[in-house]
Amino acid sequence: MDIKLSQCFIAVDDHDVALAFYRDVLGLEVRNDVAFEGMRWVTVGSPAQDVEIVLEPPLADPNAAPADRQAMAELLAKGLLRGVIFTTDDVDATFERVQASGADVLQEPMDQPYGVRDCAFRDPAGNMLRFTQPRKQ
């Protein structure tokens, strides 16, 4: 059996702002942009990889109760929803590029005891994004 990751999801509160960050700052390509029942899903991915990131509303369920939508929006605003971890061949250059965009820095590049050099930011919606590079031995 061959199982591979196809898509992961990141909640965003403004697709145009998120798109500018993921496409223009991180260099991901836009693969799909779909509107449905008053919501929008934008799919982005690395040109070097088949995995896609779906930028979706905080609660992508047209039948969700208003209170549930509000609760998810509040969690997103606090940065309490999970983000993703990217790999890069140069974490320091990636840090400089993302920092220059004005993204909120959570951690400057540092060597971790578990064998990577990494840094962390918040995307425009508040999701944590980590960028890792295996340390050279």
# chains A, B, ... in the order shown; residues from 1 in each chain; ligands from 1
>>> residues_around(residues="Ser6 in chain A", least_positions_apart="4", cutoff="8 Å", atoms="only C-alpha atoms", output="compact mmCIF listing (two decimals) with C-alpha atoms, in the first residue's frame")
# COMPACT_ATOMS: atom_id res chain seq x y z
CA ASP A 50 2.71 17.56 -5.26
CA VAL A 51 1.45 18.37 -1.75
CA GLU A 52 -1.05 21.21 -1.62
>>> closest_residue(among="A:Thr87, A:Tyr114, A:Leu55, A:Val12", to="Asp33 in chain A", atoms="only C-alpha atoms")
A:Leu55
>>> select_by_dssp(residues="range 7-136 of chain A", states="helix (DSSP H, G or I)", output="ChimeraX atom specification")
/A:15-25,66-77,91-100
>>> write_last_selection(atoms="C-alpha atoms", output="compact mmCIF listing (two decimals), in the first residue's frame")
# COMPACT_ATOMS: atom_id res chain seq x y z
CA HIS A 15 -7.76 35.05 1.29
CA ASP A 16 -6.29 37.97 -0.66
CA VAL A 17 -3.85 38.82 2.15
CA ALA A 18 -3.01 35.13 2.63
CA LEU A 19 -2.50 34.68 -1.09
CA ALA A 20 -0.08 37.61 -1.23
CA PHE A 21 1.93 36.01 1.59
CA TYR A 22 1.96 32.39 0.43
CA ARG A 23 2.41 33.20 -3.27
CA ASP A 24 4.48 36.39 -3.27
CA VAL A 25 6.58 35.95 -0.12
CA PRO A 66 -22.78 31.49 14.10
CA ALA A 67 -21.40 30.90 17.61
CA ASP A 68 -19.10 28.17 16.29
CA ARG A 69 -17.90 30.45 13.47
CA GLN A 70 -17.17 33.16 16.02
CA ALA A 71 -15.29 30.74 18.28
CA MET A 72 -13.07 29.57 15.40
CA ALA A 73 -12.41 33.16 14.28
CA GLU A 74 -11.34 34.02 17.83
CA LEU A 75 -9.00 31.02 18.04
CA LEU A 76 -7.46 32.00 14.70
CA ALA A 77 -7.00 35.60 15.83
CA VAL A 91 16.83 28.62 6.64
CA ASP A 92 18.78 31.85 7.15
CA ALA A 93 17.96 33.16 3.66
CA THR A 94 14.35 32.09 4.11
CA PHE A 95 14.25 33.93 7.43
CA GLU A 96 15.57 37.12 5.83
CA ARG A 97 13.02 36.95 3.01
CA VAL A 98 10.02 36.30 5.26
CA GLN A 99 11.15 38.85 7.85
CA ALA A 100 11.52 41.49 5.11
>>> select_by_dssp(residues="chain A", states="strand (DSSP E or B)", output="PyMOL selection string")
chain A and resi 7-11+29-36+39-45+52-56+84-87+104-111+116-122+128-134
>>> closest_atom_pairs(of="range 41-110 of chain A", to="range 127-136 of chain A", cutoff="9 Å", atoms="only C-alpha atoms", output="tab-separated table")
residue	atom	partner	partner_atom	distance
A:Leu76	CA	A:Asn127	CA	7.2
A:Ala77	CA	A:Asn127	CA	8.7
A:Lys78	CA	A:Asn127	CA	8.9
A:Gly79	CA	A:Asn127	CA	5.4
A:Leu80	CA	A:Asn127	CA	7.4
A:Leu81	CA	A:Asn127	CA	6.3
A:Arg82	CA	A:Asn127	CA	6.3
A:Gly83	CA	A:Met128	CA	4.9
A:Val84	CA	A:Leu129	CA	5.3
A:Ile85	CA	A:Arg130	CA	4.6
A:Phe86	CA	A:Phe131	CA	4.8
A:Thr87	CA	A:Thr132	CA	4.8
A:Thr88	CA	A:Gln133	CA	5.4
A:Asp89	CA	A:Gln133	CA	5.8
A:Asp90	CA	A:Gln133	CA	6.6
A:Val91	CA	A:Gln133	CA	5.8
A:Thr94	CA	A:Phe131	CA	7.7
A:Phe95	CA	A:Phe131	CA	8.1
A:Leu106	CA	A:Met128	CA	8.2
A:Gln107	CA	A:Arg130	CA	8.8
A:Pro109	CA	A:Phe131	CA	8.9
>>> write_last_selection(atoms="C-alpha atoms", output="PDB file, in the first residue's frame")
ATOM      1  CA  LEU A  76      -7.462  31.996  14.697  1.00  0.00           C
ATOM      2  CA  ALA A  77      -7.001  35.604  15.835  1.00  0.00           C
ATOM      3  CA  LYS A  78      -5.160  34.357  18.940  1.00  0.00           C
ATOM      4  CA  GLY A  79      -2.860  32.156  16.837  1.00  0.00           C
ATOM      5  CA  LEU A  80      -4.115  28.989  18.504  1.00  0.00           C
ATOM      6  CA  LEU A  81      -4.793  26.970  15.347  1.00  0.00           C
ATOM      7  CA  ARG A  82      -1.980  24.775  14.066  1.00  0.00           C
ATOM      8  CA  GLY A  83       0.121  25.752  11.087  1.00  0.00           C
ATOM      9  CA  VAL A  84       2.635  23.831   9.037  1.00  0.00           C
ATOM     10  CA  ILE A  85       6.349  23.110   8.942  1.00  0.00           C
ATOM     11  CA  PHE A  86       8.247  23.752   5.719  1.00  0.00           C
ATOM     12  CA  THR A  87      11.723  22.486   4.850  1.00  0.00           C
ATOM     13  CA  THR A  88      14.232  24.708   3.104  1.00  0.00           C
ATOM     14  CA  ASP A  89      17.816  24.337   1.945  1.00  0.00           C
ATOM     15  CA  ASP A  90      18.759  27.711   3.510  1.00  0.00           C
ATOM     16  CA  VAL A  91      16.831  28.624   6.645  1.00  0.00           C
ATOM     17  CA  THR A  94      14.347  32.093   4.113  1.00  0.00           C
ATOM     18  CA  PHE A  95      14.248  33.929   7.429  1.00  0.00           C
ATOM     19  CA  LEU A 106       8.304  34.067  16.575  1.00  0.00           C
ATOM     20  CA  GLN A 107      11.823  32.635  16.550  1.00  0.00           C
ATOM     21  CA  PRO A 109      17.089  30.933  13.152  1.00  0.00           C
TER      22      PRO A 109
END
>>> closest_residue(among="A:Glu108, A:Pro47, A:Val116, A:Phe36", to="Asp61 in chain A", atoms="only C-alpha atoms")
A:Phe36
>>> atom_distance(atom1="CA of Ser46 in chain A", atom2="CA of Arg31 in chain A")
9.8 Å
>>> closest_residue(among="A:Gln7, A:Ala120, A:Asp13, A:Val105", to="Thr43 in chain A", atoms="only C-alpha atoms")
A:Gln7
>>> closest_residue(among="A:Gly38, A:Gly45, A:Pro124, A:Gly102", to="Phe9 in chain A", atoms="only C-alpha atoms")
A:Gly45
>>> atom_distance(atom1="CA of Ala35 in chain A", atom2="CA of Ala65 in chain A")
20.0 Å
>>> closest_residue(among="A:Gln112, A:Leu26, A:Cys119, A:Glu56", to="Met39 in chain A", atoms="only C-alpha atoms")
A:Glu56
